[in-house]
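Visitor: Input file: model14.txt. Contents: compact mmCIF, C-alpha atoms.
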```
# COMPACT_ATOMS: atom_id res chain seq x y z
CA MET A 331 84.83 84.58 83.22
CA ALA A 332 83.85 82.44 86.05
CA GLU A 333 87.09 80.61 86.32
CA GLU A 334 88.04 79.11 89.56
CA ASN A 335 90.55 81.27 91.29
CA THR A 336 92.96 79.14 93.20
CA ALA A 337 94.05 82.11 95.21
CA ASP A 338 90.58 82.42 96.77
CA THR A 339 90.17 79.56 99.08
CA ALA A 340 86.81 79.74 100.56
CA SER A 341 84.78 80.88 97.61
CA ALA A 342 86.79 79.18 94.96
CA TRP A 343 85.04 76.56 93.00
CA VAL A 344 86.25 73.16 92.00
CA ARG A 345 85.02 71.01 89.19
CA ILE A 346 84.18 67.39 89.61
CA ASN A 347 83.73 65.36 86.46
CA SER A 348 81.98 62.05 85.99
CA VAL A 349 82.80 59.36 83.49
CA ASP A 350 79.80 60.04 81.37
CA GLY A 351 80.65 63.70 80.78
CA PHE A 352 78.85 65.45 83.57
CA SER A 353 80.53 68.26 85.49
CA TYR A 354 79.66 69.54 88.89
CA LEU A 355 80.92 72.76 90.36
CA VAL A 356 81.23 72.89 94.10
CA GLN A 357 82.82 75.36 96.41
CA ARG A 358 86.23 74.46 97.53
CA ASN A 359 85.43 74.28 101.18
CA VAL A 360 82.49 72.03 100.47
CA ALA A 361 84.64 69.77 98.31
CA LEU A 362 87.13 69.49 101.08
CA GLY A 363 84.56 67.58 103.09
CA SER A 364 85.84 64.55 101.25
CA GLY A 365 89.23 63.37 102.31
CA THR A 366 90.16 62.15 98.89
CA LEU A 367 89.19 65.32 97.19
CA LYS A 368 91.05 67.26 99.75
CA GLY A 369 94.15 65.38 98.98
CA MET A 370 93.63 65.75 95.28
CA LEU A 371 93.07 69.44 95.47
CA SER A 372 95.79 70.16 97.91
CA THR A 373 98.28 72.60 96.63
CA ASP A 374 101.00 70.85 98.48
CA SER A 375 101.08 68.07 96.01
CA ASN A 376 101.71 68.46 92.35
CA PHE A 377 98.61 66.64 91.27
CA MET A 378 97.05 67.87 88.13
CA GLU A 379 93.82 68.16 89.97
CA ALA A 380 95.33 70.70 92.24
CA THR A 381 96.63 72.69 89.36
CA ASN A 382 93.33 72.66 87.50
CA ASN A 383 91.01 72.47 90.48
CA THR A 384 89.33 69.62 88.70
CA CYS A 385 88.69 66.13 89.87
CA SER A 386 87.59 63.35 87.64
CA LEU A 387 85.75 60.51 89.32
CA GLN A 388 85.18 57.11 87.82
CA GLU A 389 81.53 57.11 88.56
CA ARG A 390 78.35 57.83 86.72
CA GLY A 391 76.94 61.30 86.70
CA ALA A 392 74.05 60.32 88.93
CA VAL A 393 76.34 58.93 91.49
CA VAL A 394 78.61 61.96 91.43
CA GLU A 395 75.66 64.23 91.74
CA LYS A 396 74.44 62.42 94.83
CA ALA A 397 77.91 62.49 96.28
CA VAL A 398 78.14 66.23 95.77
CA GLU A 399 74.74 66.59 97.32
CA TYR A 400 76.00 64.80 100.35
CA LEU A 401 78.98 67.08 100.47
CA ALA A 402 76.73 70.07 100.59
CA TYR A 403 74.55 68.44 103.29
CA LYS A 404 77.55 67.67 105.30
CA ALA A 405 79.01 71.17 104.96
CA GLN A 406 75.76 72.67 106.13
CA TYR A 407 75.06 70.52 109.17
CA ALA A 408 78.47 69.50 110.33
CA ASN A 409 78.78 72.28 112.84
CA ALA A 410 75.13 72.92 113.43
CA PRO A 411 74.12 73.74 116.98
CA GLN A 412 72.15 71.21 118.97
CA SER A 413 68.94 73.08 118.59
CA VAL A 414 68.76 72.41 114.87
CA ASP A 415 67.27 69.13 113.73
CA ILE A 416 69.42 67.50 111.10
CA PRO A 417 67.40 65.79 108.39
CA ASP A 418 68.08 62.18 107.61
CA PHE A 419 70.05 61.85 104.44
CA THR A 420 69.12 58.19 103.95
CA GLU A 421 65.81 59.34 102.69
CA ARG A 422 67.56 60.95 99.86
CA ILE A 423 69.40 57.84 98.77
CA PRO A 424 67.45 55.65 96.36
CA PRO A 425 68.18 51.96 96.96
CA GLU A 426 69.15 51.36 93.37
CA LEU A 427 71.85 53.92 93.73
CA ALA A 428 73.07 52.83 97.11
CA LEU A 429 75.51 50.20 95.91
CA GLU A 430 77.39 52.55 93.58
CA LEU A 431 77.16 55.35 96.03
CA LEU A 432 78.69 53.09 98.60
CA MET A 433 81.51 52.43 96.24
CA ALA A 434 82.00 56.14 95.63
CA ALA A 435 81.69 56.98 99.27
CA ASP A 436 84.36 54.47 100.02
CA PHE A 437 86.59 55.94 97.41
CA LEU A 438 85.99 59.49 98.44
CA GLU A 439 86.44 58.69 102.10
CA MET A 440 83.35 60.41 103.10
CA MET B 1076 89.39 75.61 105.60
CA SER B 1077 89.24 73.64 108.65
CA GLU B 1078 88.53 69.98 108.70
CA VAL B 1079 84.90 69.38 109.24
CA GLU B 1080 84.12 67.21 112.20
CA ASP B 1081 81.48 64.57 111.81
CA SER B 1082 79.81 65.46 114.99
CA ARG B 1083 76.28 64.63 114.18
CA VAL B 1084 76.54 63.81 110.52
CA ARG B 1085 77.17 60.23 109.61
CA SER B 1086 79.49 59.25 106.85
CA LEU B 1087 78.09 58.48 103.45
CA SER B 1088 79.35 54.91 103.71
CA GLN B 1089 77.38 54.35 106.81
CA LEU B 1090 74.33 55.85 105.29
CA CYS B 1091 74.61 53.71 102.21
CA LEU B 1092 75.06 50.54 104.26
CA ARG B 1093 71.99 51.40 106.18
CA VAL B 1094 69.99 51.90 103.03
CA ILE B 1095 71.17 48.61 101.55
CA SER B 1096 70.45 46.67 104.71
CA THR B 1097 67.02 48.12 104.93
CA ASN B 1098 66.21 47.01 101.43
CA ILE B 1099 68.33 43.86 101.39
CA ASN B 1100 65.45 41.77 100.16
CA ASP B 1101 65.28 43.81 97.01
CA TYR B 1102 68.84 43.07 96.10
CA GLN B 1103 69.80 40.12 94.02
CA SER B 1104 73.45 40.95 93.72
CA LEU B 1105 76.01 43.08 95.41
CA GLY B 1106 77.89 43.64 92.26
CA ASP B 1107 81.57 44.33 92.38
CA LEU B 1108 81.63 45.61 95.88
CA PRO B 1109 84.54 44.18 97.76
CA TYR B 1110 83.95 41.88 100.69
CA ARG B 1111 85.24 44.30 103.27
CA LEU B 1112 82.67 46.83 102.27
CA VAL B 1113 79.66 44.54 102.31
CA LYS B 1114 80.67 42.46 105.27
CA PRO B 1115 78.25 44.22 107.60
CA ILE B 1116 75.48 43.50 105.15
CA LEU B 1117 76.36 39.85 104.74
CA GLU B 1118 76.45 39.32 108.45
CA LYS B 1119 72.92 40.44 108.73
CA CYS B 1120 71.35 38.64 105.81
CA THR B 1121 69.78 35.20 105.70
CA PRO B 1122 71.65 32.08 104.57
CA GLU B 1123 69.62 31.98 101.40
CA ALA B 1124 70.46 35.57 100.56
CA LEU B 1125 74.08 34.91 101.31
CA LEU B 1126 74.09 32.00 98.94
CA GLN B 1127 72.58 34.13 96.24
CA PHE B 1128 75.05 36.96 96.71
CA GLU B 1129 77.83 34.47 96.51
CA LYS B 1130 76.47 33.15 93.28
CA ALA B 1131 76.23 36.66 91.83
CA SER B 1132 79.58 37.78 93.12
CA PRO B 1133 81.90 34.79 93.29
CA HIS B 1134 84.72 36.86 94.69
CA LEU B 1135 82.81 36.96 97.93
CA LYS B 1136 83.08 33.20 98.38
CA ALA B 1137 86.71 33.31 99.12
CA GLU B 1138 86.36 35.47 102.12
CA ASP B 1139 83.03 34.73 103.75
CA GLN B 1140 83.95 31.58 105.71
CA GLU B 1141 83.63 33.41 108.94
CA ILE B 1142 80.10 34.35 108.10
CA TRP B 1143 79.16 30.75 107.41
CA GLU B 1144 80.72 29.66 110.63
CA ASP B 1145 78.66 32.13 112.51
CA LEU B 1146 75.56 30.97 110.72
CA CYS B 1147 76.26 27.34 111.58
CA TYR B 1148 76.58 28.10 115.23
CA LYS B 1149 73.54 30.28 115.21
CA HIS B 1150 71.27 27.76 113.53
CA PHE B 1151 72.53 24.39 114.63
CA GLY B 1152 73.96 24.96 118.03
CA ASP B 1153 77.31 23.54 118.85
CA VAL B 1154 78.18 22.03 115.51
CA ARG B 1155 81.72 21.18 116.51
CA ARG B 1156 80.54 18.72 119.12
CA ALA B 1157 80.19 15.13 118.03
CA PRO B 1158 77.47 12.94 119.49
CA ASP B 1159 79.93 11.33 121.85
CA GLY B 1160 80.98 14.69 123.23
CA SER B 1161 84.39 15.06 121.63
CA GLU B 1162 85.24 18.09 119.56
CA LEU B 1163 85.18 17.75 115.84
CA ALA B 1164 87.73 19.40 113.61
CA ALA B 1165 86.61 22.52 111.82
CA PRO B 1166 85.11 21.67 108.49
CA LYS B 1167 87.00 22.82 105.47
CA SER B 1168 84.04 24.61 104.15
CA TRP B 1169 81.64 26.04 106.61
CA ARG B 1170 79.28 26.79 103.84
CA LYS B 1171 79.09 23.13 102.84
CA HIS B 1172 78.71 22.14 106.46
CA PHE B 1173 75.86 24.52 106.84
CA VAL B 1174 74.09 23.13 103.81
CA VAL B 1175 74.52 19.57 105.04
CA CYS B 1176 73.23 20.41 108.48
CA ARG B 1177 70.26 22.12 107.00
CA GLU B 1178 69.37 19.12 104.89
CA GLN B 1179 69.54 16.86 107.93
CA GLU B 1180 67.29 19.21 109.79
CA ALA B 1181 64.77 19.18 106.96
CA ILE B 1182 64.69 15.38 106.98
CA ARG B 1183 64.15 15.30 110.72
CA VAL B 1184 61.32 17.77 110.49
CA GLU B 1185 59.69 15.84 107.68
CA VAL B 1186 59.81 12.58 109.61
CA ALA B 1187 58.37 14.15 112.71
CA GLY B 1188 55.69 15.82 110.67
CA ALA B 1189 54.75 12.56 109.02
CA ARG B 1190 54.51 10.83 112.38
CA LEU B 1191 52.33 13.55 113.78
CA ARG B 1192 50.15 13.58 110.72
CA GLU B 1193 49.64 9.86 110.89
CA LYS B 1194 48.72 10.01 114.56
CA TYR B 1195 46.26 12.76 113.89
CA GLN B 1196 44.71 10.83 111.03
CA ARG B 1197 44.34 7.77 113.20
CA LEU B 1198 42.71 9.85 115.87
CA GLU B 1199 40.35 11.36 113.35
CA ALA B 1200 39.47 7.95 111.98
CA SER B 1201 38.64 6.60 115.39
CA LYS B 1202 36.55 9.66 116.06
CA ARG B 1203 34.74 9.19 112.81
CA ASP B 1204 33.96 5.62 113.69
CA ARG B 1205 32.14 6.73 116.77
CA GLN B 1206 30.32 9.53 115.08
CA LEU B 1207 26.62 9.43 114.58
CA ILE B 1208 25.57 9.78 111.00
CA PHE B 1209 22.06 10.71 110.09
CA THR B 1210 20.99 8.85 107.05
CA ASP B 1211 17.90 7.41 105.48
CA ASN B 1212 19.65 4.36 104.17
CA VAL B 1213 19.52 1.19 106.16
CA PRO B 1214 22.97 -0.11 106.95
CA PRO B 1215 23.84 -3.40 105.30
CA MET B 1216 22.74 -6.47 107.19
CA LYS B 1217 25.44 -8.43 108.82
CA ARG B 1218 25.72 -11.93 107.53
CA GLN B 1219 24.12 -14.35 109.96
CA LYS B 1220 26.58 -16.79 111.39
CA MET B 1221 25.73 -20.43 110.75
CA SER B 1222 24.42 -22.07 113.86
CA GLY B 1223 26.14 -25.36 114.55
CA GLY B 1224 23.19 -27.37 115.66
CA GLY B 1225 20.42 -27.26 118.06
CA PHE B 1226 22.41 -25.22 120.53
CA THR B 1227 21.51 -21.68 121.27
CA TRP B 1228 23.41 -19.04 119.38
CA GLY B 1229 24.08 -16.69 122.07
CA ALA B 1230 23.73 -16.70 125.80
CA THR B 1231 20.78 -18.60 127.09
CA LYS B 1232 17.90 -16.62 128.31
CA PRO B 1233 18.74 -15.60 131.81
CA ARG B 1234 16.98 -17.86 134.13
CA THR B 1235 15.44 -16.16 137.04
CA LEU B 1236 15.30 -17.89 140.32
CA PHE B 1237 11.65 -18.45 139.82
CA ASP B 1238 12.34 -20.29 136.61
CA LYS B 1239 14.95 -22.33 138.34
CA ALA B 1240 12.57 -23.09 141.15
CA ARG B 1241 9.91 -24.12 138.74
CA SER B 1242 12.16 -26.43 136.76
CA SER B 1243 13.57 -28.01 139.86
CA ALA B 1244 10.07 -28.40 141.19
CA LYS B 1245 9.17 -30.23 138.02
CA LYS B 1246 11.97 -32.63 138.64
CA ILE B 1247 10.92 -33.15 142.19
CA LYS B 1248 7.38 -33.71 141.16
CA ALA B 1249 8.49 -36.78 139.28
CA VAL B 1250 9.71 -38.20 142.55
CA TYR B 1251 6.35 -37.81 144.10
CA ARG B 1252 4.44 -39.33 141.30
CA GLY B 1253 4.36 -42.71 142.94
CA PRO B 1254 1.47 -44.74 144.26
CA PRO B 1255 -1.12 -42.26 145.32
CA ILE B 1256 -1.52 -41.94 149.03
CA GLN B 1257 -5.02 -41.81 150.47
CA PRO B 1258 -5.49 -38.52 152.17
CA SER B 1259 -6.81 -38.87 155.67
CA PRO B 1260 -9.78 -36.72 156.68
CA ALA B 1261 -8.41 -36.27 160.16
CA SER B 1262 -5.48 -34.42 158.86
CA TRP B 1263 -7.70 -31.56 157.85
CA THR B 1264 -9.04 -31.01 161.29
CA ASP B 1265 -7.06 -30.19 164.35
CA SER B 1266 -3.54 -30.59 163.32
CA SER B 1267 -2.01 -31.22 166.66
CA SER B 1268 -3.53 -34.64 166.97
CA SER B 1269 -3.44 -35.76 163.39
CA SER B 1270 -1.15 -38.52 162.47
CA SER B 1271 -2.08 -39.88 159.17
CA SER B 1272 -0.12 -41.09 156.27
CA SER B 1273 -1.56 -38.39 154.26
CA THR B 1274 0.41 -35.93 156.17
CA SER B 1275 2.76 -36.13 153.34
CA SER B 1276 0.37 -33.99 151.47
CA PHE B 1277 0.41 -31.53 154.27
CA SER B 1278 4.02 -31.80 154.93
CA LEU B 1279 4.53 -29.27 152.34
CA PRO B 1280 2.48 -26.61 153.88
CA SER B 1281 3.81 -27.42 157.30
CA SER B 1282 7.33 -27.28 156.15
CA LEU B 1283 6.58 -24.12 154.41
CA ALA B 1284 4.96 -22.85 157.49
CA LYS B 1285 8.11 -23.53 159.39
CA THR B 1286 9.91 -20.95 157.37
CA SER B 1287 9.52 -17.47 158.64
CA THR B 1288 7.07 -15.15 157.00
CA PRO B 1289 7.02 -11.43 157.21
CA TYR B 1290 3.32 -11.03 156.87
CA PRO B 1291 0.92 -13.62 158.17
CA LEU B 1292 -2.40 -13.07 156.56
CA ILE B 1293 -4.48 -14.79 159.18
CA PRO B 1294 -3.39 -14.64 162.76
CA ALA B 1295 -3.59 -18.34 163.49
CA PRO B 1296 -1.36 -19.74 166.17
CA LYS B 1297 1.72 -21.00 164.56
CA SER B 1298 2.17 -23.85 166.85
CA ARG B 1299 -0.85 -25.46 165.43
CA VAL B 1300 0.47 -25.43 162.00
CA VAL B 1301 3.95 -26.36 162.85
CA GLN B 1302 3.30 -29.37 165.09
CA ARG B 1303 2.63 -32.00 162.53
CA PRO B 1304 3.84 -35.49 163.15
CA MET B 1305 5.55 -36.70 160.08
CA PRO B 1306 5.58 -40.29 159.05
CA GLY B 1307 8.85 -41.67 158.11
CA SER B 1308 7.91 -42.10 154.52
CA ALA B 1309 7.13 -38.50 154.17
CA THR B 1310 10.24 -37.30 155.84
CA ALA B 1311 12.39 -37.62 152.82
CA HIS B 1312 9.84 -35.91 150.72
CA ARG B 1313 9.44 -33.23 153.24
CA SER B 1314 13.09 -32.44 153.29
CA LEU B 1315 13.07 -32.04 149.58
CA LEU B 1316 9.96 -30.04 149.67
CA GLY B 1317 11.24 -28.00 152.52
CA GLN B 1318 14.34 -27.26 150.60
CA LEU B 1319 12.33 -26.30 147.63
CA ALA B 1320 10.03 -24.24 149.74
CA ARG B 1321 12.90 -22.46 151.38
CA GLU B 1322 14.45 -21.91 148.07
CA SER B 1323 11.37 -20.49 146.53
CA GLU B 1324 10.52 -18.59 149.63
CA ALA B 1325 13.86 -16.98 149.68
CA THR B 1326 13.22 -15.51 146.29
CA GLN B 1327 9.54 -15.07 146.26
CA LYS B 1328 7.65 -14.70 149.39
CA ARG B 1329 4.35 -14.61 147.67
CA PRO B 1330 3.87 -18.32 147.02
CA THR B 1331 5.02 -19.12 150.49
CA VAL B 1332 2.76 -16.65 152.07
CA VAL B 1333 -0.17 -17.86 150.17
CA VAL B 1334 0.49 -21.45 151.03
CA LYS B 1335 0.86 -20.72 154.65
CA THR B 1336 -2.30 -18.86 154.66
CA ILE B 1337 -4.05 -21.76 153.16
CA SER B 1338 -2.63 -24.20 155.64
CA LYS B 1339 -3.50 -22.03 158.57
CA THR B 1340 -6.96 -21.48 157.54
CA MET B 1341 -7.42 -25.14 156.88
CA VAL B 1342 -6.17 -26.05 160.26
CA VAL B 1343 -8.43 -23.72 162.10
CA GLY B 1344 -11.35 -25.77 161.08
CA PRO B 1345 -13.23 -23.86 158.60
CA THR B 1346 -16.80 -24.52 157.75
CA PRO B 1347 -17.57 -26.18 154.52
CA ARG B 1348 -18.32 -22.80 153.18
CA ALA B 1349 -15.02 -21.47 154.20
CA PRO B 1350 -12.87 -22.79 151.43
CA PRO B 1351 -14.65 -20.92 148.72
CA THR B 1352 -14.69 -17.83 150.82
CA LEU B 1353 -11.12 -18.35 151.74
CA ALA B 1354 -10.27 -18.82 148.15
CA SER B 1355 -11.91 -15.59 147.28
CA ILE B 1356 -10.16 -13.82 150.11
CA LEU B 1357 -6.87 -15.23 149.17
CA ALA B 1358 -7.47 -14.50 145.60
CA ALA B 1359 -8.37 -10.97 146.41
CA ARG B 1360 -5.38 -10.50 148.62
CA ALA B 1361 -2.86 -12.50 146.78
CA ARG B 1362 -3.83 -11.78 143.26
CA PRO B 1363 -1.63 -8.72 143.03
CA SER B 1364 1.21 -10.56 144.63
CA GLY B 1365 0.53 -13.70 142.81
CA ALA B 1366 0.33 -12.00 139.52
CA GLY B 1367 3.87 -12.88 138.86
CA VAL B 1368 3.12 -16.52 139.03
CA ASP B 1369 2.68 -18.21 135.77
CA ALA B 1370 -0.71 -19.81 135.63
CA ASP B 1371 0.38 -22.31 133.05
CA SER B 1372 3.18 -23.83 135.04
CA ALA B 1373 3.31 -27.52 135.48
CA PRO B 1374 1.86 -28.91 138.67
CA ALA B 1375 4.94 -28.75 140.82
CA PRO B 1376 4.46 -28.75 144.57
CA ALA B 1377 5.30 -25.19 145.44
CA PRO B 1378 4.17 -23.08 142.54
CA PRO B 1379 0.83 -24.75 142.11
CA LEU B 1380 0.07 -23.97 145.70
CA SER B 1381 0.51 -20.36 144.97
CA MET B 1382 -1.52 -20.67 141.87
CA ALA B 1383 -4.34 -21.93 143.93
CA VAL B 1384 -4.94 -18.35 144.87
CA ARG B 1385 -6.18 -17.47 141.43
CA LEU B 1386 -9.71 -18.22 140.69
CA PRO B 1387 -9.85 -20.53 137.73
CA PRO B 1388 -12.31 -19.67 134.99
CA PRO B 1389 -15.69 -21.06 135.76
CA ALA B 1390 -15.99 -22.66 132.37
CA ARG B 1391 -13.30 -25.18 133.17
CA ALA B 1392 -13.86 -28.74 134.39
CA LYS B 1393 -16.68 -29.58 136.63
CA THR B 1394 -14.22 -29.65 139.48
CA SER B 1395 -13.22 -26.06 138.86
CA ALA B 1396 -14.74 -24.89 142.10
CA ALA B 1397 -12.98 -27.68 143.90
CA ASN B 1398 -9.78 -26.85 142.18
CA ALA B 1399 -9.97 -23.29 143.14
CA LEU B 1400 -7.63 -23.73 146.00
CA PHE B 1401 -5.25 -26.33 144.82
CA MET B 1402 -4.95 -27.65 141.32
CA PRO B 1403 -2.58 -30.56 141.40
CA LYS B 1404 -3.02 -33.28 138.92
CA ASN B 1405 -2.21 -35.82 141.48
CA ARG B 1406 -4.97 -36.63 143.80
CA ALA B 1407 -2.51 -37.07 146.59
CA TYR B 1408 -1.97 -33.39 146.94
CA SER B 1409 -5.47 -32.38 146.59
CA GLN B 1410 -6.71 -30.25 149.39
CA LEU B 1411 -10.21 -30.31 148.27
CA PRO B 1412 -12.48 -30.60 151.20
CA SER B 1413 -14.80 -32.81 149.21
CA ARG B 1414 -12.04 -35.26 148.50
CA ALA B 1415 -9.64 -34.97 151.35
CA ARG B 1416 -11.97 -34.59 154.16
CA THR B 1417 -14.38 -37.25 153.28
```
Written as structure tokens, that's how I'd like the structure from this file.

Guide:
Amino acid sequence: MAEENTADTASAWVRINSVDGFSYLVQRNVALGSGTLKGMLSTDSNFMEATNNTCSLQERGAVVEKAVEYLAYKAQYANAPQSVDIPDFTERIPPELALELLMAADFLEM
Amino acid sequence: MSEVEDSRVRSLSQLCLRVISTNINDYQSLGDLPYRLVKPILEKCTPEALLQFEKASPHLKAEDQEIWEDLCYKHFGDVRRAPDGSELAAPKSWRKHFVVCREQEAIRVEVAGARLREKYQRLEASKRDRQLIFTDNVPPMKRQKMSGGGFTWGATKPRTLFDKARSSAKKIKAVYRGPPIQPSPASWTDSSSSSSSSTSSFSLPSSLAKTSTPYPLIPAPKSRVVQRPMPGSATAHRSLLGQLARESEATQKRPTVVVKTISKTMVVGPTPRAPPTLASILAARARPSGAGVDADSAPAPAPPLSMAVRLPPPARAKTSAANALFMPKNRAYSQLPSRART
């Protein structure tokens, strides 16, 4: 079974749930790009999220999806060398989503 | 896992703010977003948009005073300064202050616009008045003003000096219409020795001769013409005539010239045949110059002398040939050789 293995750090997966029932699986290191998620998933605390490797966000599925997308974008290009051109993520943000995404981004500290 | 550094990747918040600002015109509300999050957006939007966001999200009103203050300063200059230079207290609501200022501005603009429009319309109207319009219709006749009496309506016909001379000559003529003076035959011969009462008739030409002439037609010695003894009775007349002659000569040299010519030729002692010949010569020479003379003028002393140049129509009175030279009604002024010299 593809259960997240908390012992594996790098390749472990975490689940992020939205309010409307959607679930997104991201790698742990990618999820840690968000400060909030990092705190939630930290094994130091006794949060349930850390125990279950599951975070539930109070956002719509579309918003969560875009947030996870950003997390992946960030994980890929954060340490990219200067030679690589980083694409502009604003192109990938639809204006109608921007307000909620801003809210989520503020919450997730990312 | 190590903390990822945002070296070249911007935060999602920043990216979202950028997206919203770019499309701010498409937004009608900012929803439930807290003020601190949307502050950068509100600072950049127009006053109208700000008002709308406030309406949609009333919780923003409480905290956006600073934004309104900035807007007031940006749009209306130093709003805290009263007209007398002192500093006004900060208004309780910058938003209200902004709205009030904007209304005042609108009124000022409207007034200025109305003034400018009116000036432009007046200018256009005046231009239109001067414009030429091509039309087939005859413009309406102006109502004739009622003339008060026998007076002329407008300015009298401009009287030329010739007209003035003629009218004054008419008046003078009345003076001379007294008892006719018998012309003396001697006066027609050598002038230097003549001393007749009829010199009055020749006083005119002599006095005229005294005035300078630019072009003597016949080179007769002037002294002859000039030295005419004047009887006392004729002196007064002569002065008048001289004045008249000078006056008319100043304006029109033609009558004077013609007269002088006549007098000179007469003095030289022409043959009986001379007068007609002289008349023809004078007529030929002076006709172009004498063309301006009105042939129908009354027999005043000076003008009629000039008119003597013109040949009268042969079908006139039996004395037409005699009158060729001088056509005065009064016998006293007649220069006819048949009459005067006999």

Visitor: Output as CSV one row per residue of chain A within 12 Å of chain B: the closest atom pair and its distance in Å to one decimal place, counting only C-alpha atoms, sorted by chain and residue number ascending.

Guide:
```
residue,atom,partner,partner_atom,distance
A:Asp338,CA,B:Met1076,CA,11.2
A:Thr339,CA,B:Met1076,CA,7.7
A:Ala340,CA,B:Met1076,CA,7.0
A:Ser341,CA,B:Met1076,CA,10.6
A:Ala342,CA,B:Met1076,CA,11.5
A:Gln357,CA,B:Met1076,CA,11.3
A:Arg358,CA,B:Met1076,CA,8.7
A:Asn359,CA,B:Met1076,CA,6.1
A:Val360,CA,B:Met1076,CA,9.3
A:Ala361,CA,B:Met1076,CA,10.5
A:Leu362,CA,B:Glu1078,CA,7.8
A:Gly363,CA,B:Val1079,CA,6.4
A:Ser364,CA,B:Val1079,CA,9.4
A:Gly365,CA,B:Glu1078,CA,9.2
A:Lys368,CA,B:Glu1078,CA,9.7
A:Ser372,CA,B:Met1076,CA,11.4
A:Lys396,CA,B:Leu1087,CA,10.2
A:Ala397,CA,B:Leu1087,CA,8.2
A:Val398,CA,B:Leu1087,CA,10.9
A:Glu399,CA,B:Leu1087,CA,10.7
A:Tyr400,CA,B:Leu1087,CA,7.3
A:Leu401,CA,B:Leu1087,CA,9.1
A:Ala402,CA,B:Val1084,CA,11.7
A:Tyr403,CA,B:Val1084,CA,8.8
A:Lys404,CA,B:Val1084,CA,6.6
A:Ala405,CA,B:Val1079,CA,7.5
A:Gln406,CA,B:Val1084,CA,9.9
A:Tyr407,CA,B:Val1084,CA,7.0
A:Ala408,CA,B:Asp1081,CA,6.0
A:Asn409,CA,B:Ser1082,CA,7.2
A:Ala410,CA,B:Arg1083,CA,8.4
A:Pro411,CA,B:Arg1083,CA,9.8
A:Gln412,CA,B:Arg1083,CA,9.1
A:Val414,CA,B:Arg1083,CA,10.8
A:Asp415,CA,B:Arg1083,CA,10.1
A:Ile416,CA,B:Val1084,CA,8.0
A:Pro417,CA,B:Val1084,CA,9.6
A:Asp418,CA,B:Val1084,CA,9.1
A:Phe419,CA,B:Leu1090,CA,7.4
A:Thr420,CA,B:Leu1090,CA,5.9
A:Glu421,CA,B:Val1094,CA,8.5
A:Arg422,CA,B:Val1094,CA,9.9
A:Ile423,CA,B:Val1094,CA,7.3
A:Pro424,CA,B:Val1094,CA,8.1
A:Pro425,CA,B:Val1094,CA,6.3
A:Glu426,CA,B:Tyr1102,CA,8.7
A:Leu427,CA,B:Cys1091,CA,8.9
A:Ala428,CA,B:Cys1091,CA,5.4
A:Leu429,CA,B:Leu1105,CA,7.2
A:Glu430,CA,B:Leu1108,CA,8.5
A:Leu431,CA,B:Cys1091,CA,6.9
A:Leu432,CA,B:Ser1088,CA,5.5
A:Met433,CA,B:Leu1108,CA,6.8
A:Ala434,CA,B:Ser1088,CA,8.6
A:Ala435,CA,B:Ser1088,CA,5.4
A:Asp436,CA,B:Ser1088,CA,6.2
A:Phe437,CA,B:Ser1088,CA,9.7
A:Leu438,CA,B:Leu1087,CA,9.4
A:Glu439,CA,B:Ser1088,CA,8.2
A:Met440,CA,B:Ser1086,CA,5.5
```

Visitor: Quote the spacing between CA of Leu1207 in chain B and CA of Lys1194 in chain B in Å to one decimal place.

Guide: 22.1 Å

Visitor: So what do you get for CA of Phe1173 in chain B versus CA of Arg1190 in chain B, distance-wise?

Guide: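 These atoms are spaced 26.0 Å apart.
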
Visitor: Which value, in Å to one decimal, gives the distance between CA of Leu355 in chain A and CA of Trp343 in chain A?

Guide: 6.2 Å
